[in-house]
>>> print(open('entry_35.pdb').read())   # PDB, C-alpha atoms, pLDDT in the B column
ATOM      1  CA  MET C   1      -7.940  13.226 -12.201  1.00 43.00           C
ATOM      2  CA  SER C   2      -5.630  10.292 -11.993  1.00 43.00           C
ATOM      3  CA  GLN C   3      -3.884  11.098  -8.749  1.00 47.00           C
ATOM      4  CA  SER C   4      -5.187  12.136  -5.373  1.00 44.00           C
ATOM      5  CA  ARG C   5      -4.128  15.625  -4.389  1.00 45.00           C
ATOM      6  CA  LEU C   6      -4.572  17.835  -1.386  1.00 44.00           C
ATOM      7  CA  TYR C   7      -7.122  19.968  -3.275  1.00 52.00           C
ATOM      8  CA  PRO C   8      -9.091  17.742  -5.688  1.00 57.00           C
ATOM      9  CA  LEU C   9     -11.640  20.528  -6.132  1.00 58.00           C
ATOM     10  CA  GLU C  10      -9.103  22.151  -8.456  1.00 65.00           C
ATOM     11  CA  ASP C  11     -10.325  19.550 -10.940  1.00 66.00           C
ATOM     12  CA  VAL C  12     -13.687  21.323 -10.916  1.00 65.00           C
ATOM     13  CA  ALA C  13     -12.398  24.874 -10.713  1.00 70.00           C
ATOM     14  CA  LEU C  14      -9.821  24.646 -13.506  1.00 72.00           C
ATOM     15  CA  PRO C  15     -12.253  23.572 -16.266  1.00 74.00           C
ATOM     16  CA  GLY C  16     -14.570  26.359 -15.153  1.00 75.00           C
ATOM     17  CA  GLU C  17     -11.742  28.889 -15.360  1.00 79.00           C
ATOM     18  CA  VAL C  18     -10.777  27.627 -18.821  1.00 81.00           C
ATOM     19  CA  LEU C  19     -14.385  27.931 -19.988  1.00 80.00           C
ATOM     20  CA  GLU C  20     -14.606  31.457 -18.562  1.00 83.00           C
ATOM     21  CA  THR C  21     -11.411  32.403 -20.395  1.00 85.00           C
ATOM     22  CA  ILE C  22     -12.747  30.960 -23.650  1.00 85.00           C
ATOM     23  CA  ASP C  23     -16.023  32.828 -23.168  1.00 84.00           C
ATOM     24  CA  ARG C  24     -14.058  36.094 -22.867  1.00 86.00           C
ATOM     25  CA  ALA C  25     -12.011  35.403 -26.009  1.00 86.00           C
ATOM     26  CA  GLY C  26     -14.384  37.581 -28.056  1.00 87.00           C
ATOM     27  CA  GLU C  27     -13.124  40.599 -26.123  1.00 89.00           C
ATOM     28  CA  PHE C  28      -9.806  40.050 -27.898  1.00 88.00           C
ATOM     29  CA  GLY C  29     -11.220  39.439 -31.370  1.00 90.00           C
ATOM     30  CA  ILE C  30     -11.034  35.655 -31.087  1.00 88.00           C
ATOM     31  CA  ASP C  31     -14.077  33.666 -32.233  1.00 87.00           C
ATOM     32  CA  THR C  32     -14.672  30.589 -30.091  1.00 84.00           C
ATOM     33  CA  THR C  33     -17.400  28.041 -29.610  1.00 82.00           C
ATOM     34  CA  VAL C  34     -17.745  25.496 -26.833  1.00 81.00           C
ATOM     35  CA  ASP C  35     -20.254  22.810 -27.758  1.00 80.00           C
ATOM     36  CA  ASP C  36     -20.211  20.804 -24.550  1.00 77.00           C
ATOM     37  CA  VAL C  37     -18.512  20.618 -21.176  1.00 75.00           C
ATOM     38  CA  ALA C  38     -18.924  17.457 -19.134  1.00 75.00           C
ATOM     39  CA  PHE C  39     -19.110  19.232 -15.784  1.00 71.00           C
ATOM     40  CA  ALA C  40     -21.416  16.559 -14.381  1.00 74.00           C
ATOM     41  CA  ASP C  41     -18.780  13.905 -15.118  1.00 79.00           C
ATOM     42  CA  ILE C  42     -16.013  16.081 -13.666  1.00 76.00           C
ATOM     43  CA  VAL C  43     -17.993  16.704 -10.477  1.00 74.00           C
ATOM     44  CA  ARG C  44     -18.893  12.999 -10.185  1.00 78.00           C
ATOM     45  CA  GLU C  45     -15.213  11.971 -10.445  1.00 79.00           C
ATOM     46  CA  VAL C  46     -14.123  14.553  -7.875  1.00 76.00           C
ATOM     47  CA  ASN C  47     -16.980  13.553  -5.577  1.00 74.00           C
ATOM     48  CA  GLU C  48     -15.849   9.904  -5.697  1.00 78.00           C
ATOM     49  CA  GLU C  49     -12.255  10.888  -4.929  1.00 75.00           C
ATOM     50  CA  VAL C  50     -13.235  13.201  -2.088  1.00 75.00           C
ATOM     51  CA  HIS C  51     -15.632  10.629  -0.614  1.00 74.00           C
ATOM     52  CA  GLU C  52     -12.949   7.919  -0.556  1.00 76.00           C
ATOM     53  CA  ASP C  53     -10.389  10.241   1.021  1.00 74.00           C
ATOM     54  CA  ALA C  54     -12.905  11.587   3.547  1.00 75.00           C
ATOM     55  CA  GLU C  55     -14.027   8.116   4.591  1.00 78.00           C
ATOM     56  CA  SER C  56     -10.442   7.021   5.139  1.00 79.00           C
ATOM     57  CA  THR C  57      -9.692  10.136   7.187  1.00 77.00           C
ATOM     58  CA  ARG C  58     -12.890   9.775   9.227  1.00 75.00           C
ATOM     59  CA  ARG C  59     -12.127   6.123  10.058  1.00 79.00           C
ATOM     60  CA  GLY C  60      -8.615   7.072  11.132  1.00 78.00           C
ATOM     61  CA  LEU C  61      -9.821   9.910  13.336  1.00 74.00           C
ATOM     62  CA  GLU C  62     -12.602   7.913  14.944  1.00 75.00           C
ATOM     63  CA  SER C  63     -10.386   4.917  15.671  1.00 78.00           C
ATOM     64  CA  SER C  64      -7.665   6.854  17.472  1.00 74.00           C
ATOM     65  CA  SER C  65      -7.894   7.914  21.087  1.00 71.00           C
ATOM     66  CA  ASP C  66      -5.416  10.708  20.279  1.00 68.00           C
ATOM     67  CA  HIS C  67      -7.965  12.778  18.387  1.00 68.00           C
ATOM     68  CA  ASP C  68     -10.045  14.425  21.077  1.00 71.00           C
ATOM     69  CA  LEU C  69     -10.187  17.637  19.044  1.00 70.00           C
ATOM     70  CA  TYR C  70     -11.969  15.830  16.205  1.00 62.00           C
ATOM     71  CA  ARG C  71     -14.579  14.486  18.588  1.00 65.00           C
ATOM     72  CA  SER C  72     -15.003  17.844  20.319  1.00 72.00           C
ATOM     73  CA  VAL C  73     -15.777  19.784  17.108  1.00 71.00           C
ATOM     74  CA  ARG C  74     -17.685  17.092  15.229  1.00 68.00           C
ATOM     75  CA  ASP C  75     -21.029  18.348  16.528  1.00 71.00           C
ATOM     76  CA  GLU C  76     -20.129  21.916  15.517  1.00 74.00           C
ATOM     77  CA  ALA C  77     -19.494  21.066  11.860  1.00 77.00           C
ATOM     78  CA  ALA C  78     -21.651  22.495   9.101  1.00 81.00           C
ATOM     79  CA  VAL C  79     -21.624  22.396   5.314  1.00 84.00           C
ATOM     80  CA  TRP C  80     -22.453  24.911   2.627  1.00 83.00           C
ATOM     81  CA  ASP C  81     -25.813  24.055   1.096  1.00 85.00           C
ATOM     82  CA  TYR C  82     -24.678  25.029  -2.398  1.00 84.00           C
ATOM     83  CA  CYS C  83     -21.594  22.798  -2.304  1.00 83.00           C
ATOM     84  CA  ALA C  84     -23.530  19.913  -0.787  1.00 83.00           C
ATOM     85  CA  SER C  85     -25.967  19.994  -3.684  1.00 83.00           C
ATOM     86  CA  ALA C  86     -23.285  20.547  -6.328  1.00 81.00           C
ATOM     87  CA  PHE C  87     -21.372  17.490  -5.149  1.00 80.00           C
ATOM     88  CA  ASP C  88     -24.471  15.347  -4.688  1.00 81.00           C
ATOM     89  CA  ALA C  89     -23.656  14.867  -1.009  1.00 84.00           C
ATOM     90  CA  ASP C  90     -27.178  15.340   0.330  1.00 85.00           C
ATOM     91  CA  ASP C  91     -27.542  11.772   1.629  1.00 84.00           C
ATOM     92  CA  ALA C  92     -24.098  11.728   3.271  1.00 82.00           C
ATOM     93  CA  ILE C  93     -24.795  15.050   4.978  1.00 83.00           C
ATOM     94  CA  GLU C  94     -28.147  13.864   6.247  1.00 83.00           C
ATOM     95  CA  ASP C  95     -26.630  10.582   7.460  1.00 80.00           C
ATOM     96  CA  ALA C  96     -23.931  12.499   9.329  1.00 78.00           C
ATOM     97  CA  GLY C  97     -26.506  14.841  10.873  1.00 80.00           C
ATOM     98  CA  LEU C  98     -24.651  17.931   9.693  1.00 82.00           C
ATOM     99  CA  VAL C  99     -26.175  21.397   9.586  1.00 83.00           C
ATOM    100  CA  ARG C 100     -26.517  23.026   6.161  1.00 86.00           C
ATOM    101  CA  ILE C 101     -25.666  26.724   5.845  1.00 82.00           C
ATOM    102  CA  ASP C 102     -27.747  28.477   3.214  1.00 82.00           C
ATOM    103  CA  GLU C 103     -27.945  32.129   4.231  1.00 79.00           C
ATOM    104  CA  ASN C 104     -26.773  33.581   0.921  1.00 76.00           C
ATOM    105  CA  GLU C 105     -28.055  31.501  -2.010  1.00 76.00           C
ATOM    106  CA  GLY C 106     -26.584  28.351  -0.494  1.00 73.00           C
ATOM    107  CA  HIS C 107     -23.434  29.970   0.845  1.00 74.00           C
ATOM    108  CA  PRO C 108     -22.736  31.189   4.371  1.00 73.00           C
ATOM    109  CA  SER C 109     -22.932  34.905   4.865  1.00 79.00           C
ATOM    110  CA  ILE C 110     -19.451  36.335   5.372  1.00 80.00           C
ATOM    111  CA  ARG C 111     -21.005  39.339   7.108  1.00 82.00           C
ATOM    112  CA  SER C 112     -22.802  37.163   9.668  1.00 81.00           C
ATOM    113  CA  LEU C 113     -19.636  35.165  10.323  1.00 78.00           C
ATOM    114  CA  VAL C 114     -17.679  38.383  10.951  1.00 85.00           C
ATOM    115  CA  ASP C 115     -20.529  39.670  13.127  1.00 87.00           C
ATOM    116  CA  ASP C 116     -20.202  36.446  15.148  1.00 83.00           C
ATOM    117  CA  ASP C 117     -16.480  37.207  15.670  1.00 84.00           C
ATOM    118  CA  TYR C 118     -15.142  34.630  13.216  1.00 79.00           C
ATOM    119  CA  GLU C 119     -11.883  35.617  11.544  1.00 80.00           C
ATOM    120  CA  ILE C 120     -12.087  35.274   7.765  1.00 77.00           C
ATOM    121  CA  THR C 121      -8.847  34.706   5.859  1.00 75.00           C
ATOM    122  CA  PHE C 122      -8.263  34.335   2.144  1.00 70.00           C
TER     123      PHE C 122
END
>>> encode(input="entry_35.pdb", output="structure tokens")
Amino acid sequence: MSQSRLYPLEDVALPGEVLETIDRAGEFGIDTTVDDVAFADIVREVNEEVHEDAESTRRGLESSSDHDLYRSVRDEAAVWDYCASAFDADDAIEDAGLVRIDENEGHPSIRSLVDDDYEITF
């Protein structure tokens, strides 16, 4: 995780995908064993990177008079409860006064978003 990228969360997802692939190796007659995965360390590193980038972006947005959109939607922002906990962001979320969405085991309900006329894209 040496360089900052647009999607630093790939650093969390990729090890998980590798582990999932290794776990499925038995389906192909391959014996594998994973003794340890330092997911806590991976998440901590990504959290530090994201926090630094987010703070820099926030300062830039708040200091510019050209960012009325940022100010207008700031009070509408919400975070996924599951992700907030996974990235140990509870204090930052509380400090920012953000709403936590936890309708579906910590994730927002796609059905309720669609019912509220949000467009969901993947």
>>> residues_around(input="entry_35.pdb", residues="region 85-92 of chain C", least_positions_apart="2", cutoff="10 Å", atoms="all atoms listed in the file", output="list of chain:residue names")
C:Ala40, C:Val43, C:Arg44, C:Glu45, C:Val46, C:Asn47, C:Glu48, C:Val50, C:His51, C:Trp80, C:Asp81, C:Tyr82, C:Cys83, C:Glu94, C:Asp95, C:Ala96, C:Gly97, C:Leu98, C:Arg100, C:Gly106
>>> atom_distance(input="entry_35.pdb", atom1="CA of Ala38 (chain C)", atom2="CA of Gly16 (chain C)")
10.7 Å
>>> closest_residue(input="entry_35.pdb", among="C:Leu61, C:Val34, C:Val99, C:Ala84", to="Val18 (chain C)", atoms="all atoms listed in the file")
C:Val34
>>> closest_residue(input="entry_35.pdb", among="C:Glu62, C:Leu69, C:Pro108, C:Asp36", to="Pro15 (chain C)", atoms="only C-alpha atoms")
C:Asp36
